[in-house]
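Below is protein.txt, holding compact mmCIF, N, CA and C atoms.
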# COMPACT_ATOMS: atom_id res chain seq x y z
N ALA A 1 0.82 -1.18 0.00
CA ALA A 1 0.00 0.00 0.00
C ALA A 1 0.88 1.26 0.00
N ASN A 2 1.99 1.23 0.74
CA ASN A 2 2.88 2.40 0.77
C ASN A 2 3.50 2.66 -0.60
N SER A 3 3.91 1.59 -1.29
CA SER A 3 4.50 1.76 -2.62
C SER A 3 3.47 2.30 -3.60
N LEU A 4 2.25 1.81 -3.50
CA LEU A 4 1.20 2.31 -4.39
C LEU A 4 0.94 3.79 -4.12
N GLY A 5 0.86 4.16 -2.85
CA GLY A 5 0.65 5.56 -2.51
C GLY A 5 1.78 6.44 -3.01
N ALA A 6 3.02 5.96 -2.87
CA ALA A 6 4.17 6.72 -3.36
C ALA A 6 4.10 6.87 -4.87
N TYR A 7 3.70 5.81 -5.56
CA TYR A 7 3.59 5.88 -7.02
C TYR A 7 2.51 6.87 -7.43
N GLN A 8 1.37 6.81 -6.75
CA GLN A 8 0.27 7.70 -7.10
C GLN A 8 0.64 9.16 -6.89
N GLN A 9 1.47 9.44 -5.89
CA GLN A 9 1.86 10.82 -5.62
C GLN A 9 2.96 11.31 -6.56
N THR A 10 3.91 10.44 -6.90
CA THR A 10 5.08 10.87 -7.66
C THR A 10 5.12 10.38 -9.10
N LEU A 11 4.34 9.36 -9.41
CA LEU A 11 4.35 8.68 -10.72
C LEU A 11 5.71 8.06 -11.03
N VAL A 12 6.51 7.81 -10.00
CA VAL A 12 7.79 7.13 -10.16
C VAL A 12 7.56 5.66 -9.86
N PRO A 13 7.90 4.76 -10.80
CA PRO A 13 7.71 3.32 -10.54
C PRO A 13 8.40 2.91 -9.24
N GLN A 14 7.77 2.00 -8.52
CA GLN A 14 8.27 1.56 -7.22
C GLN A 14 8.82 0.13 -7.30
N VAL A 15 9.79 -0.16 -6.46
CA VAL A 15 10.36 -1.49 -6.35
C VAL A 15 10.08 -2.01 -4.96
N VAL A 16 9.57 -3.23 -4.89
CA VAL A 16 9.28 -3.88 -3.61
C VAL A 16 10.00 -5.22 -3.61
N SER A 17 10.71 -5.51 -2.55
CA SER A 17 11.41 -6.79 -2.41
C SER A 17 10.71 -7.60 -1.33
N PHE A 18 10.53 -8.89 -1.58
CA PHE A 18 9.86 -9.77 -0.63
C PHE A 18 10.73 -11.00 -0.40
N THR A 19 11.16 -11.20 0.83
CA THR A 19 11.93 -12.39 1.18
C THR A 19 11.31 -13.02 2.41
N ALA A 20 11.43 -14.33 2.51
CA ALA A 20 10.92 -15.07 3.66
C ALA A 20 11.59 -16.44 3.65
N PRO A 21 11.57 -17.16 4.77
CA PRO A 21 12.23 -18.46 4.84
C PRO A 21 11.58 -19.49 3.91
N THR A 22 12.34 -20.50 3.55
CA THR A 22 11.85 -21.60 2.74
C THR A 22 10.63 -22.23 3.40
N GLY A 23 9.61 -22.51 2.59
CA GLY A 23 8.41 -23.16 3.10
C GLY A 23 7.40 -22.24 3.74
N SER A 24 7.63 -20.94 3.67
CA SER A 24 6.73 -20.00 4.34
C SER A 24 5.53 -19.59 3.48
N GLY A 25 5.50 -20.01 2.23
CA GLY A 25 4.38 -19.67 1.36
C GLY A 25 4.59 -18.45 0.49
N LYS A 26 5.86 -18.09 0.27
CA LYS A 26 6.18 -16.88 -0.52
C LYS A 26 5.52 -16.91 -1.90
N THR A 27 5.60 -18.03 -2.58
CA THR A 27 5.09 -18.11 -3.94
C THR A 27 3.58 -17.90 -3.96
N ILE A 28 2.88 -18.52 -3.05
CA ILE A 28 1.42 -18.38 -3.00
C ILE A 28 1.03 -16.96 -2.62
N ILE A 29 1.73 -16.37 -1.67
CA ILE A 29 1.47 -14.99 -1.26
C ILE A 29 1.70 -14.04 -2.44
N MET A 30 2.81 -14.22 -3.14
CA MET A 30 3.12 -13.33 -4.25
C MET A 30 2.17 -13.54 -5.43
N ALA A 31 1.75 -14.78 -5.66
CA ALA A 31 0.79 -15.03 -6.74
C ALA A 31 -0.51 -14.29 -6.46
N ALA A 32 -0.97 -14.32 -5.21
CA ALA A 32 -2.20 -13.60 -4.84
C ALA A 32 -2.01 -12.10 -5.00
N LEU A 33 -0.86 -11.59 -4.59
CA LEU A 33 -0.58 -10.16 -4.74
C LEU A 33 -0.53 -9.76 -6.21
N MET A 34 0.13 -10.56 -7.04
CA MET A 34 0.21 -10.26 -8.47
C MET A 34 -1.18 -10.22 -9.08
N GLU A 35 -2.03 -11.16 -8.72
CA GLU A 35 -3.40 -11.16 -9.24
C GLU A 35 -4.13 -9.88 -8.84
N LYS A 36 -3.99 -9.46 -7.59
CA LYS A 36 -4.66 -8.25 -7.13
C LYS A 36 -4.12 -7.01 -7.85
N ILE A 37 -2.83 -6.97 -8.08
CA ILE A 37 -2.24 -5.83 -8.78
C ILE A 37 -2.69 -5.80 -10.23
N PHE A 38 -2.62 -6.94 -10.91
CA PHE A 38 -3.02 -6.99 -12.31
C PHE A 38 -4.50 -6.68 -12.49
N ASN A 39 -5.35 -7.21 -11.60
CA ASN A 39 -6.80 -7.16 -11.80
C ASN A 39 -7.52 -6.16 -10.91
N GLY A 40 -6.83 -5.57 -9.95
CA GLY A 40 -7.46 -4.62 -9.05
C GLY A 40 -8.26 -5.32 -7.96
N GLU A 41 -8.72 -4.53 -7.03
CA GLU A 41 -9.58 -5.01 -5.95
C GLU A 41 -10.38 -3.81 -5.47
N ALA A 42 -11.12 -3.97 -4.41
CA ALA A 42 -12.03 -2.92 -3.95
C ALA A 42 -11.32 -1.59 -3.71
N ARG A 43 -10.14 -1.62 -3.11
CA ARG A 43 -9.45 -0.37 -2.74
C ARG A 43 -8.50 0.15 -3.82
N TYR A 44 -8.11 -0.69 -4.77
CA TYR A 44 -7.09 -0.29 -5.74
C TYR A 44 -7.53 -0.65 -7.15
N SER A 45 -7.24 0.22 -8.09
CA SER A 45 -7.58 -0.07 -9.48
C SER A 45 -6.59 -1.07 -10.07
N ASP A 46 -6.98 -1.70 -11.16
CA ASP A 46 -6.12 -2.68 -11.82
C ASP A 46 -4.90 -2.00 -12.44
N GLN A 47 -3.82 -2.74 -12.51
CA GLN A 47 -2.58 -2.29 -13.13
C GLN A 47 -2.09 -3.37 -14.10
N PRO A 48 -2.78 -3.53 -15.23
CA PRO A 48 -2.45 -4.63 -16.14
C PRO A 48 -1.06 -4.53 -16.75
N ASP A 49 -0.42 -3.38 -16.68
CA ASP A 49 0.92 -3.21 -17.24
C ASP A 49 2.03 -3.38 -16.20
N ALA A 50 1.65 -3.80 -14.99
CA ALA A 50 2.65 -4.01 -13.94
C ALA A 50 3.65 -5.08 -14.38
N ILE A 51 4.88 -4.96 -13.91
CA ILE A 51 5.94 -5.92 -14.25
C ILE A 51 6.48 -6.51 -12.96
N PHE A 52 6.63 -7.83 -12.94
CA PHE A 52 7.20 -8.54 -11.80
C PHE A 52 8.46 -9.25 -12.25
N LEU A 53 9.50 -9.15 -11.47
CA LEU A 53 10.76 -9.83 -11.75
C LEU A 53 10.97 -10.86 -10.64
N TRP A 54 10.98 -12.13 -11.03
CA TRP A 54 11.13 -13.24 -10.08
C TRP A 54 12.56 -13.72 -10.18
N ILE A 55 13.31 -13.60 -9.10
CA ILE A 55 14.73 -13.93 -9.13
C ILE A 55 15.05 -14.98 -8.06
N SER A 56 15.83 -15.96 -8.46
CA SER A 56 16.41 -16.90 -7.49
C SER A 56 17.76 -17.34 -8.05
N ASP A 57 18.48 -18.08 -7.25
CA ASP A 57 19.79 -18.55 -7.71
C ASP A 57 19.72 -19.96 -8.30
N SER A 58 18.51 -20.42 -8.63
CA SER A 58 18.34 -21.78 -9.11
C SER A 58 17.31 -21.83 -10.24
N PRO A 59 17.72 -22.22 -11.45
CA PRO A 59 16.74 -22.38 -12.53
C PRO A 59 15.64 -23.38 -12.18
N GLU A 60 16.00 -24.42 -11.43
CA GLU A 60 15.01 -25.42 -11.03
C GLU A 60 13.97 -24.80 -10.10
N LEU A 61 14.43 -23.95 -9.18
CA LEU A 61 13.52 -23.27 -8.26
C LEU A 61 12.62 -22.30 -9.02
N ASN A 62 13.17 -21.61 -9.99
CA ASN A 62 12.36 -20.72 -10.82
C ASN A 62 11.25 -21.50 -11.53
N ALA A 63 11.59 -22.65 -12.11
CA ALA A 63 10.60 -23.48 -12.80
C ALA A 63 9.55 -23.98 -11.81
N GLN A 64 9.96 -24.38 -10.63
CA GLN A 64 9.03 -24.84 -9.60
C GLN A 64 8.08 -23.71 -9.21
N SER A 65 8.61 -22.51 -9.04
CA SER A 65 7.78 -21.36 -8.67
C SER A 65 6.78 -21.04 -9.77
N LYS A 66 7.24 -21.07 -11.02
CA LYS A 66 6.36 -20.79 -12.15
C LYS A 66 5.22 -21.81 -12.20
N ASP A 67 5.54 -23.07 -12.00
CA ASP A 67 4.50 -24.11 -11.99
C ASP A 67 3.50 -23.89 -10.86
N LYS A 68 4.01 -23.52 -9.69
CA LYS A 68 3.13 -23.28 -8.54
C LYS A 68 2.22 -22.08 -8.80
N ILE A 69 2.76 -21.03 -9.38
CA ILE A 69 1.93 -19.86 -9.72
C ILE A 69 0.86 -20.26 -10.73
N ASP A 70 1.23 -21.08 -11.70
CA ASP A 70 0.28 -21.53 -12.71
C ASP A 70 -0.87 -22.32 -12.07
N ARG A 71 -0.55 -23.13 -11.07
CA ARG A 71 -1.58 -23.93 -10.39
C ARG A 71 -2.45 -23.09 -9.45
N GLN A 72 -1.86 -22.10 -8.80
CA GLN A 72 -2.56 -21.35 -7.75
C GLN A 72 -3.29 -20.11 -8.25
N ALA A 73 -2.81 -19.50 -9.30
CA ALA A 73 -3.32 -18.19 -9.72
C ALA A 73 -4.02 -18.31 -11.07
N ASP A 74 -5.32 -18.44 -11.04
CA ASP A 74 -6.05 -18.63 -12.29
C ASP A 74 -6.25 -17.34 -13.08
N LYS A 75 -5.87 -16.20 -12.50
CA LYS A 75 -6.01 -14.92 -13.19
C LYS A 75 -4.69 -14.41 -13.76
N ILE A 76 -3.64 -15.22 -13.69
CA ILE A 76 -2.35 -14.83 -14.24
C ILE A 76 -2.09 -15.68 -15.48
N ASN A 77 -1.79 -15.02 -16.59
CA ASN A 77 -1.53 -15.69 -17.85
C ASN A 77 -0.02 -15.87 -18.02
N LEU A 78 0.46 -17.09 -17.83
CA LEU A 78 1.90 -17.34 -17.90
C LEU A 78 2.45 -17.25 -19.32
N SER A 79 1.58 -17.16 -20.30
CA SER A 79 2.10 -16.98 -21.66
C SER A 79 2.72 -15.59 -21.81
N GLN A 80 2.47 -14.71 -20.86
CA GLN A 80 3.04 -13.37 -20.88
C GLN A 80 4.39 -13.32 -20.19
N THR A 81 4.88 -14.45 -19.70
CA THR A 81 6.14 -14.46 -18.98
C THR A 81 7.32 -14.64 -19.92
N MET A 82 8.49 -14.24 -19.44
CA MET A 82 9.72 -14.38 -20.20
C MET A 82 10.77 -14.96 -19.24
N GLU A 83 11.43 -16.00 -19.69
CA GLU A 83 12.48 -16.61 -18.88
C GLU A 83 13.82 -16.09 -19.35
N ILE A 84 14.62 -15.64 -18.41
CA ILE A 84 15.94 -15.10 -18.70
C ILE A 84 16.97 -16.00 -18.02
N SER A 85 17.98 -16.41 -18.76
CA SER A 85 19.01 -17.28 -18.18
C SER A 85 20.39 -16.83 -18.65
N ASP A 86 21.41 -17.47 -18.10
CA ASP A 86 22.79 -17.14 -18.49
C ASP A 86 23.06 -17.49 -19.95
N ASP A 87 22.31 -18.42 -20.49
CA ASP A 87 22.50 -18.83 -21.88
C ASP A 87 22.10 -17.70 -22.77
Mind converting the file's structure to structure tokens?
Amino acid sequence: ANSLGAYQQTLVPQVVSFTAPTGSGKTIIMAALMEKIFNGEARYSDQPDAIFLWISDSPELNAQSKDKIDRQADKINLSQTMEISDD
């Protein structure tokens, strides 16, 4: 909410970092947040042009997270995603 308020006041894109221990539900929490940002909710308008950067130190973990988001978030279209690797 603070980042959204800052953006609305300044129109400067905001960066938010989210970290938590393994097994804490980060992927599910972020999938729900991404859906709310893309599609809006009662208090906030939709932001269909929002960009999310998912970073980890493991390509396998990235693939696992993408699969979990695909299973949990029916309002996120993974065909809009781009995978970036060292290759």
Pick out each residue of chain A that DSSP on the backbone tags as alpha helix (DSSP H); I need them as a PyMOL selection string. chain A and resi 2-10+26-39+59-72
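Between Phe52 in chain A and the candidates A:Ile84, A:Leu11, A:Ile76, A:Met34, the tightest atom-to-atom separation, counting only C-alpha atoms, involves A:Met34.
The space separating CA of Ala73 in chain A from atom N of Glu35 in chain A comes to 7.2 Å.
If you look at atom N of Asp46 in chain A and atom N of Ser65 in chain A, they are 26.1 Å away from each other.
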If you count only C-alpha atoms, which residues fall within 7 Å of Ile69 in chain A, apart from same-chain ones fewer than 3 positions away, as a list in words? Thr27, Ile28, Ala31, Ser65, Lys66, Gln72 and Ala73 of chain A
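If you look at atom N of Val12 in chain A and CA of Tyr44 in chain A, they are 16.4 Å away from each other.
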Kindly indicate which residue among A:Gln47, A:Ser58, A:Thr10, A:Thr81 lies nearest to Leu33 in chain A, using only C-alpha atoms for the distances. A:Gln47
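Proximity of A:Glu60, A:Asp70, A:Trp54, A:Ser3 to Val15 in chain A, computed with only N, CA and C atoms, is greatest for A:Ser3.
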I'd like to know which of A:Ile37, A:Met30, A:Leu78, A:Ala20 is closest to Ala50 in chain A, using all atoms listed in the file. A:Ile37
